[in-house]
Every structure is written in C-alpha cells, then in structure tokens.
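Have a look at start-v6.txt below; it lists compact mmCIF, N, CA and C atoms.
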```txt
# COMPACT_ATOMS: atom_id res chain seq x y z
N PHE A 17 -105.15 -86.29 89.27
CA PHE A 17 -106.13 -86.76 88.31
C PHE A 17 -105.54 -86.72 86.92
N GLY A 18 -105.90 -87.67 86.12
CA GLY A 18 -105.53 -87.69 84.72
C GLY A 18 -106.78 -87.85 83.88
N VAL A 19 -106.82 -87.19 82.77
CA VAL A 19 -107.97 -87.26 81.86
C VAL A 19 -107.73 -88.40 80.88
N VAL A 20 -108.64 -89.38 80.86
CA VAL A 20 -108.49 -90.49 79.91
C VAL A 20 -109.46 -90.38 78.74
N ALA A 21 -110.58 -89.70 78.94
CA ALA A 21 -111.57 -89.54 77.87
C ALA A 21 -112.12 -88.12 77.92
N LEU A 22 -112.34 -87.56 76.76
CA LEU A 22 -112.82 -86.19 76.65
C LEU A 22 -113.78 -86.11 75.48
N THR A 23 -114.95 -85.49 75.72
CA THR A 23 -115.94 -85.38 74.66
C THR A 23 -116.44 -83.95 74.56
N ALA A 24 -117.01 -83.63 73.41
CA ALA A 24 -117.65 -82.34 73.20
C ALA A 24 -118.80 -82.54 72.23
N HIS A 25 -119.70 -81.59 72.21
CA HIS A 25 -120.83 -81.70 71.30
C HIS A 25 -120.41 -81.41 69.86
N ARG A 26 -119.81 -80.23 69.64
CA ARG A 26 -119.57 -79.86 68.25
C ARG A 26 -118.29 -79.06 67.99
N ASN A 27 -117.65 -78.48 68.96
CA ASN A 27 -116.51 -77.60 68.74
C ASN A 27 -115.21 -78.39 68.62
N ALA A 28 -114.91 -78.84 67.41
CA ALA A 28 -113.74 -79.68 67.17
C ALA A 28 -112.43 -78.95 67.46
N ALA A 29 -112.34 -77.68 67.13
CA ALA A 29 -111.10 -76.95 67.34
C ALA A 29 -110.75 -76.85 68.83
N LEU A 30 -111.73 -76.50 69.65
CA LEU A 30 -111.49 -76.39 71.08
C LEU A 30 -111.22 -77.77 71.69
N LEU A 31 -111.95 -78.78 71.24
CA LEU A 31 -111.72 -80.13 71.74
C LEU A 31 -110.31 -80.60 71.42
N ALA A 32 -109.82 -80.28 70.23
CA ALA A 32 -108.45 -80.67 69.86
C ALA A 32 -107.43 -80.02 70.79
N GLU A 33 -107.64 -78.75 71.12
CA GLU A 33 -106.74 -78.06 72.07
C GLU A 33 -106.78 -78.74 73.43
N GLN A 34 -107.98 -79.02 73.92
CA GLN A 34 -108.12 -79.64 75.23
C GLN A 34 -107.55 -81.05 75.25
N ALA A 35 -107.73 -81.80 74.19
CA ALA A 35 -107.19 -83.15 74.12
C ALA A 35 -105.66 -83.12 74.14
N ALA A 36 -105.08 -82.19 73.42
CA ALA A 36 -103.62 -82.05 73.41
C ALA A 36 -103.11 -81.65 74.79
N GLU A 37 -103.82 -80.75 75.43
CA GLU A 37 -103.40 -80.26 76.75
C GLU A 37 -103.52 -81.33 77.83
N THR A 38 -104.56 -82.16 77.75
CA THR A 38 -104.79 -83.16 78.80
C THR A 38 -104.18 -84.52 78.50
N GLY A 39 -103.89 -84.78 77.22
CA GLY A 39 -103.37 -86.08 76.84
C GLY A 39 -104.41 -87.18 76.87
N ALA A 40 -105.67 -86.82 76.69
CA ALA A 40 -106.76 -87.80 76.72
C ALA A 40 -106.52 -88.91 75.71
N GLN A 41 -106.74 -90.15 76.15
CA GLN A 41 -106.56 -91.32 75.28
C GLN A 41 -107.73 -91.49 74.32
N PHE A 42 -108.92 -91.08 74.75
CA PHE A 42 -110.15 -91.24 73.98
C PHE A 42 -110.74 -89.85 73.77
N VAL A 43 -111.00 -89.51 72.52
CA VAL A 43 -111.57 -88.20 72.19
C VAL A 43 -112.76 -88.42 71.28
N ALA A 44 -113.87 -87.73 71.59
CA ALA A 44 -115.08 -87.93 70.80
C ALA A 44 -115.82 -86.62 70.60
N LEU A 45 -116.39 -86.51 69.43
CA LEU A 45 -117.19 -85.36 69.05
C LEU A 45 -118.58 -85.88 68.68
N VAL A 46 -119.59 -85.44 69.41
CA VAL A 46 -120.94 -85.97 69.20
C VAL A 46 -121.47 -85.57 67.83
N GLU A 47 -121.31 -84.32 67.48
CA GLU A 47 -121.85 -83.83 66.21
C GLU A 47 -120.79 -83.02 65.48
N PRO A 48 -119.97 -83.67 64.65
CA PRO A 48 -118.94 -82.94 63.92
C PRO A 48 -119.55 -81.82 63.08
N ASP A 49 -118.93 -80.66 63.13
CA ASP A 49 -119.44 -79.54 62.33
C ASP A 49 -118.71 -79.49 60.99
N GLY A 50 -119.30 -78.82 60.04
CA GLY A 50 -118.73 -78.74 58.70
C GLY A 50 -117.43 -77.98 58.64
N GLY A 51 -117.22 -77.01 59.54
CA GLY A 51 -116.03 -76.17 59.49
C GLY A 51 -114.76 -76.88 59.91
N ALA A 52 -114.85 -77.78 60.87
CA ALA A 52 -113.67 -78.48 61.36
C ALA A 52 -114.06 -79.92 61.68
N PRO A 53 -113.97 -80.79 60.70
CA PRO A 53 -114.38 -82.18 60.93
C PRO A 53 -113.47 -82.87 61.95
N ALA A 54 -113.99 -83.91 62.54
CA ALA A 54 -113.22 -84.67 63.53
C ALA A 54 -112.10 -85.43 62.85
N PRO A 55 -110.92 -85.48 63.48
CA PRO A 55 -109.85 -86.32 62.93
C PRO A 55 -110.29 -87.78 62.88
N PRO A 56 -109.71 -88.56 61.99
CA PRO A 56 -110.17 -89.94 61.80
C PRO A 56 -110.05 -90.83 63.05
N HIS A 57 -109.14 -90.53 63.96
CA HIS A 57 -108.97 -91.38 65.15
C HIS A 57 -109.93 -91.01 66.28
N TRP A 58 -110.70 -89.96 66.12
CA TRP A 58 -111.72 -89.60 67.11
C TRP A 58 -112.97 -90.43 66.88
N ARG A 59 -113.71 -90.67 67.92
CA ARG A 59 -115.02 -91.29 67.80
C ARG A 59 -116.04 -90.18 67.57
N THR A 60 -117.13 -90.51 66.91
CA THR A 60 -118.17 -89.52 66.65
C THR A 60 -119.55 -90.12 66.90
N GLY A 61 -120.51 -89.23 67.09
CA GLY A 61 -121.89 -89.64 67.27
C GLY A 61 -122.27 -89.76 68.74
N PRO A 62 -123.57 -89.80 69.00
CA PRO A 62 -124.06 -89.85 70.38
C PRO A 62 -123.58 -91.08 71.16
N ALA A 63 -123.37 -92.20 70.50
CA ALA A 63 -122.91 -93.41 71.19
C ALA A 63 -121.51 -93.22 71.79
N ALA A 64 -120.76 -92.26 71.27
CA ALA A 64 -119.42 -92.01 71.78
C ALA A 64 -119.44 -91.53 73.23
N LEU A 65 -120.56 -90.90 73.65
CA LEU A 65 -120.67 -90.49 75.06
C LEU A 65 -120.68 -91.71 75.97
N VAL A 66 -121.37 -92.75 75.56
CA VAL A 66 -121.41 -93.99 76.35
C VAL A 66 -120.03 -94.65 76.34
N GLU A 67 -119.37 -94.63 75.19
CA GLU A 67 -118.02 -95.20 75.12
C GLU A 67 -117.08 -94.48 76.08
N ALA A 68 -117.17 -93.17 76.12
CA ALA A 68 -116.32 -92.40 77.03
C ALA A 68 -116.66 -92.70 78.48
N ALA A 69 -117.95 -92.79 78.79
CA ALA A 69 -118.40 -93.02 80.16
C ALA A 69 -118.04 -94.40 80.68
N THR A 70 -117.78 -95.33 79.78
CA THR A 70 -117.43 -96.69 80.19
C THR A 70 -115.99 -97.04 79.83
N HIS A 71 -115.19 -96.04 79.50
CA HIS A 71 -113.80 -96.27 79.15
C HIS A 71 -113.12 -97.05 80.28
N PRO A 72 -112.38 -98.10 79.96
CA PRO A 72 -111.78 -98.93 81.01
C PRO A 72 -110.81 -98.18 81.92
N GLY A 73 -110.25 -97.10 81.46
CA GLY A 73 -109.30 -96.35 82.28
C GLY A 73 -109.94 -95.31 83.18
N ALA A 74 -111.25 -95.14 83.09
CA ALA A 74 -111.94 -94.10 83.86
C ALA A 74 -112.44 -94.64 85.19
N ASP A 75 -112.03 -94.00 86.27
CA ASP A 75 -112.53 -94.34 87.60
C ASP A 75 -113.69 -93.43 87.98
N ILE A 76 -113.60 -92.18 87.56
CA ILE A 76 -114.63 -91.18 87.84
C ILE A 76 -115.08 -90.59 86.51
N VAL A 77 -116.39 -90.49 86.33
CA VAL A 77 -116.94 -89.92 85.11
C VAL A 77 -117.63 -88.61 85.48
N LEU A 78 -117.16 -87.51 84.92
CA LEU A 78 -117.81 -86.22 85.11
C LEU A 78 -118.76 -86.03 83.94
N ASN A 79 -120.05 -86.04 84.24
CA ASN A 79 -121.05 -85.86 83.19
C ASN A 79 -121.64 -84.48 83.32
N ALA A 80 -121.30 -83.62 82.35
CA ALA A 80 -121.84 -82.27 82.29
C ALA A 80 -122.51 -82.03 80.94
N VAL A 81 -123.00 -83.10 80.33
CA VAL A 81 -123.70 -83.02 79.06
C VAL A 81 -125.01 -82.25 79.28
N VAL A 82 -125.34 -81.38 78.37
CA VAL A 82 -126.55 -80.58 78.50
C VAL A 82 -127.78 -81.40 78.11
N GLY A 83 -128.80 -81.34 78.94
CA GLY A 83 -130.09 -81.94 78.61
C GLY A 83 -130.17 -83.44 78.81
N ALA A 84 -131.26 -84.00 78.30
CA ALA A 84 -131.52 -85.43 78.44
C ALA A 84 -130.49 -86.28 77.70
N ALA A 85 -129.71 -85.68 76.83
CA ALA A 85 -128.68 -86.42 76.10
C ALA A 85 -127.66 -87.06 77.03
N GLY A 86 -127.56 -86.58 78.26
CA GLY A 86 -126.60 -87.14 79.21
C GLY A 86 -127.08 -88.38 79.94
N LEU A 87 -128.36 -88.73 79.82
CA LEU A 87 -128.92 -89.85 80.57
C LEU A 87 -128.26 -91.18 80.23
N ARG A 88 -128.10 -91.48 78.95
CA ARG A 88 -127.51 -92.77 78.56
C ARG A 88 -126.10 -92.94 79.11
N ALA A 89 -125.30 -91.87 79.05
CA ALA A 89 -123.93 -91.95 79.57
C ALA A 89 -123.93 -92.13 81.09
N THR A 90 -124.85 -91.45 81.77
CA THR A 90 -124.95 -91.60 83.22
C THR A 90 -125.28 -93.05 83.58
N LEU A 91 -126.30 -93.60 82.93
CA LEU A 91 -126.70 -94.98 83.21
C LEU A 91 -125.58 -95.97 82.87
N ALA A 92 -124.91 -95.75 81.76
CA ALA A 92 -123.83 -96.66 81.35
C ALA A 92 -122.67 -96.63 82.34
N ALA A 93 -122.31 -95.44 82.78
CA ALA A 93 -121.21 -95.31 83.74
C ALA A 93 -121.57 -95.98 85.07
N LEU A 94 -122.78 -95.75 85.54
CA LEU A 94 -123.22 -96.37 86.79
C LEU A 94 -123.27 -97.89 86.65
N ALA A 95 -123.82 -98.37 85.54
CA ALA A 95 -123.90 -99.82 85.32
C ALA A 95 -122.52 -100.46 85.29
N ALA A 96 -121.52 -99.69 84.88
CA ALA A 96 -120.14 -100.18 84.86
C ALA A 96 -119.47 -100.04 86.23
N GLY A 97 -120.24 -99.57 87.23
CA GLY A 97 -119.72 -99.45 88.59
C GLY A 97 -118.87 -98.22 88.83
N ARG A 98 -118.98 -97.23 87.96
CA ARG A 98 -118.16 -96.03 88.10
C ARG A 98 -118.76 -95.05 89.11
N ARG A 99 -117.92 -94.17 89.61
CA ARG A 99 -118.37 -93.02 90.37
C ARG A 99 -118.70 -91.95 89.34
N VAL A 100 -119.92 -91.43 89.40
CA VAL A 100 -120.36 -90.41 88.44
C VAL A 100 -120.49 -89.08 89.17
N ALA A 101 -119.63 -88.15 88.81
CA ALA A 101 -119.71 -86.78 89.29
C ALA A 101 -120.72 -86.10 88.38
N LEU A 102 -121.91 -85.88 88.88
CA LEU A 102 -123.02 -85.48 88.03
C LEU A 102 -123.26 -83.97 88.05
N ALA A 103 -123.08 -83.35 86.89
CA ALA A 103 -123.40 -81.95 86.69
C ALA A 103 -124.48 -81.85 85.62
N ASN A 104 -125.18 -82.95 85.41
CA ASN A 104 -126.24 -83.04 84.41
C ASN A 104 -127.55 -83.35 85.14
N LYS A 105 -128.25 -82.29 85.57
CA LYS A 105 -129.46 -82.49 86.37
C LYS A 105 -130.55 -83.23 85.62
N GLU A 106 -130.55 -83.13 84.30
CA GLU A 106 -131.59 -83.78 83.51
C GLU A 106 -131.55 -85.30 83.66
N SER A 107 -130.38 -85.87 83.94
CA SER A 107 -130.33 -87.31 84.20
C SER A 107 -131.24 -87.68 85.36
N LEU A 108 -131.31 -86.80 86.35
CA LEU A 108 -132.18 -87.06 87.50
C LEU A 108 -133.61 -86.64 87.25
N VAL A 109 -133.80 -85.55 86.51
CA VAL A 109 -135.16 -85.09 86.22
C VAL A 109 -135.88 -86.09 85.32
N VAL A 110 -135.21 -86.54 84.28
CA VAL A 110 -135.82 -87.44 83.30
C VAL A 110 -135.83 -88.90 83.78
N GLY A 111 -134.76 -89.31 84.43
CA GLY A 111 -134.64 -90.73 84.78
C GLY A 111 -134.24 -90.99 86.22
N GLY A 112 -134.69 -90.15 87.14
CA GLY A 112 -134.28 -90.26 88.54
C GLY A 112 -134.38 -91.66 89.11
N GLY A 113 -135.55 -92.30 88.97
CA GLY A 113 -135.73 -93.65 89.49
C GLY A 113 -134.80 -94.66 88.83
N LEU A 114 -134.64 -94.55 87.51
CA LEU A 114 -133.73 -95.44 86.78
C LEU A 114 -132.29 -95.26 87.24
N VAL A 115 -131.90 -93.99 87.40
CA VAL A 115 -130.52 -93.67 87.76
C VAL A 115 -130.20 -94.19 89.16
N THR A 116 -131.06 -93.89 90.12
CA THR A 116 -130.77 -94.33 91.49
C THR A 116 -130.82 -95.85 91.62
N GLU A 117 -131.74 -96.50 90.93
CA GLU A 117 -131.81 -97.96 90.96
C GLU A 117 -130.59 -98.58 90.29
N CYS A 118 -130.13 -98.00 89.20
CA CYS A 118 -128.94 -98.50 88.51
C CYS A 118 -127.72 -98.39 89.43
N ALA A 119 -127.59 -97.27 90.12
CA ALA A 119 -126.47 -97.08 91.04
C ALA A 119 -126.53 -98.11 92.17
N ARG A 120 -127.70 -98.32 92.70
CA ARG A 120 -127.87 -99.27 93.80
C ARG A 120 -127.51 -100.69 93.36
N ARG A 121 -128.00 -101.10 92.18
CA ARG A 121 -127.77 -102.45 91.67
C ARG A 121 -126.31 -102.72 91.33
N SER A 122 -125.66 -101.74 90.74
CA SER A 122 -124.32 -101.96 90.20
C SER A 122 -123.19 -101.61 91.15
N GLY A 123 -123.50 -100.88 92.20
CA GLY A 123 -122.44 -100.42 93.08
C GLY A 123 -121.81 -99.13 92.59
N GLY A 124 -122.38 -98.54 91.52
CA GLY A 124 -121.92 -97.24 91.06
C GLY A 124 -122.29 -96.17 92.08
N GLU A 125 -121.71 -95.01 91.95
CA GLU A 125 -121.94 -93.95 92.93
C GLU A 125 -122.24 -92.63 92.23
N LEU A 126 -123.22 -91.92 92.76
CA LEU A 126 -123.55 -90.59 92.26
C LEU A 126 -122.99 -89.55 93.22
N VAL A 127 -122.27 -88.59 92.67
CA VAL A 127 -121.73 -87.50 93.46
C VAL A 127 -122.17 -86.20 92.78
N PRO A 128 -123.02 -85.40 93.45
CA PRO A 128 -123.46 -84.16 92.83
C PRO A 128 -122.33 -83.13 92.80
N VAL A 129 -122.16 -82.49 91.64
CA VAL A 129 -121.14 -81.45 91.53
C VAL A 129 -121.75 -80.13 91.06
N ASP A 130 -123.06 -80.03 91.19
CA ASP A 130 -123.76 -78.82 90.80
C ASP A 130 -124.72 -78.48 91.94
N SER A 131 -124.88 -77.23 92.24
CA SER A 131 -125.69 -76.81 93.37
C SER A 131 -127.15 -77.25 93.26
N GLU A 132 -127.67 -77.38 92.05
CA GLU A 132 -129.07 -77.73 91.88
C GLU A 132 -129.41 -79.11 92.43
N HIS A 133 -128.51 -80.06 92.33
CA HIS A 133 -128.83 -81.39 92.87
C HIS A 133 -127.95 -81.77 94.05
N SER A 134 -127.26 -80.82 94.61
CA SER A 134 -126.55 -81.07 95.87
C SER A 134 -127.58 -81.06 96.92
```

Output the structure of this file as structure tokens.
Amino acid sequence: FGVVALTAHRNAALLAEQAAETGAQFVALVEPDGGAPAPPHWRTGPAALVEAATHPGADIVLNAVVGAAGLRATLAALAAGRRVALANKESLVVGGGLVTECARRSGGELVPVDSEHS
C-alpha cells in the first residue's frame, strides 16, 4: 500500500511528520491552528476532505473522520467508485440510506473497519 492523500483536523506538526514519513502527494489540514499554520502547498478547510477522498491516485479511502463531518467525504468517495474502508460510524448513523444508495448506484464499496459497524 502507498499513501497518496493524508488529512488531519488540526495538528499540523504531527501531520507534517506523517506526510514526510508516508510520502503523501496530497496533504490537507481541515482547521489550521494558530501555533503551526499549514504550509502553502497544503490544502485547507473542510472541502479538502472531499478532495482527498476523490484523489485520482486513491483506490481505497480510509475514512476515520470523527462525527458527521465524515459524511461528505464518504459520499464523494463512493460516488467516485472508490472502495471506502469506513471507520466513521456517523456516516451510517446520519446518512445510512444515502450512503448505501450511493454505493449501489456508483459501484463504490463499503468495507467496515471498526467493530461497531462490522
């Protein structure tokens, strides 16, 4: 496996370490913090999760975003026909019907990676 996209909510320092270690092509910080702003070549903001989930180099999208914030990325990845390794139960709690219908329509695949929705 190779990491092509990597995102984090706010910890820019740790994300920078992980990006360097994995060689991710796409790096995004949803909410840059004041202590360590995102480098200029990183994407920022909530829309960056969707960009990562639909990155052309990604075959499998692991979504472990906390809360309902992960729903848009889950739907986008499925709509793009990706296999989504889902560790974000809220995508199913909040949008279960939407998620399963999107997967069915697009040929995307849901794979549970958390015991709660296995």

Tell me which protein, DNA and RNA residues are within 7 Å of range 104-114 of chain A, counting all atoms listed in the file, leaving out same-chain ones fewer than 5 positions away, and put them as a list in words.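 That gives Asn79, Ala80, Val81, Val82, Gly83, Ala84, Gly86, Leu87, Thr90, Leu91, Ala119, Val129, Asp130, Glu132 and His133 of chain A.
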
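Note that the spacing between atom C of Ile76 in chain A and atom C of Arg59 in chain A amounts to 19.0 Å.
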
Give me the residues near Leu78 in chain A as a ChimeraX atom specification, where near means some atom within 6.5 Å (using only N, CA and C atoms) and where sequence neighbours in that chain fewer than 6 positions away do not count. /A:99-103

Just N, CA and C atoms for this one: save the residues we selected as a PDB file, keeping the file's coordinate frame.
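Generated file (again.pdb):
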```pdb
ATOM      1  N   ARG A  99    -117.920 -94.170  89.610  1.00  0.00           N
ATOM      2  CA  ARG A  99    -118.370 -93.020  90.370  1.00  0.00           C
ATOM      3  C   ARG A  99    -118.700 -91.950  89.340  1.00  0.00           C
ATOM      4  N   VAL A 100    -119.920 -91.430  89.400  1.00  0.00           N
ATOM      5  CA  VAL A 100    -120.360 -90.410  88.440  1.00  0.00           C
ATOM      6  C   VAL A 100    -120.490 -89.080  89.170  1.00  0.00           C
ATOM      7  N   ALA A 101    -119.630 -88.150  88.810  1.00  0.00           N
ATOM      8  CA  ALA A 101    -119.710 -86.780  89.290  1.00  0.00           C
ATOM      9  C   ALA A 101    -120.720 -86.100  88.380  1.00  0.00           C
ATOM     10  N   LEU A 102    -121.910 -85.880  88.880  1.00  0.00           N
ATOM     11  CA  LEU A 102    -123.020 -85.480  88.030  1.00  0.00           C
ATOM     12  C   LEU A 102    -123.260 -83.970  88.050  1.00  0.00           C
ATOM     13  N   ALA A 103    -123.080 -83.350  86.890  1.00  0.00           N
ATOM     14  CA  ALA A 103    -123.400 -81.950  86.690  1.00  0.00           C
ATOM     15  C   ALA A 103    -124.480 -81.850  85.620  1.00  0.00           C
TER      16      ALA A 103
END
```

Any idea what the distance is between CA of Arg98 in chain A and CA of Gly124 in chain A? 4.9 Å

Excluding range 60-62 of chain A and residues on its chain fewer than 5 positions from it, collect all residues at most 6.5 Å away from it, counting all atoms listed in the file, and give them as an MDAnalysis selection string. chainID A and resid 44:48

Find the residue from A:Leu65, A:Leu126, A:Ala96, A:Leu22 that sits nearest to Val43 in chain A; use only N, CA and C atoms when measuring. A:Leu22

Which of range 17-130 of chain A counts as strand (DSSP E) under DSSP, as JSON, numbers by chain please? {"A": [21, 22, 23, 24, 42, 43, 44, 45, 59, 60, 76, 77, 78, 79, 99, 100, 101, 102, 125, 126, 127, 128]}

Which residue, A:Ala21, A:Val66, A:Cys118, A:Leu30, has the smallest gap to Ala95 in chain A when you use only N, CA and C atoms? A:Cys118

Could you jot down the atom C of Gly97 in chain A to atom C of Arg121 in chain A separation for me, Å, one decimal place? 9.0 Å

Please report, as number ranges by chain, each residue of chain A to which DSSP assigns helix (DSSP H, G or I) when run on this structure's backbone. A: 28-38, 63-69, 83-95, 105-122, 131-133

Which residue gives the smallest distance to Ala40 in chain A among A:Val19, A:Ala89, A:Val127, A:Val77, with only C-alpha atoms counted?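 Distance minimum relative to Ala40 in chain A lands on A:Val19.
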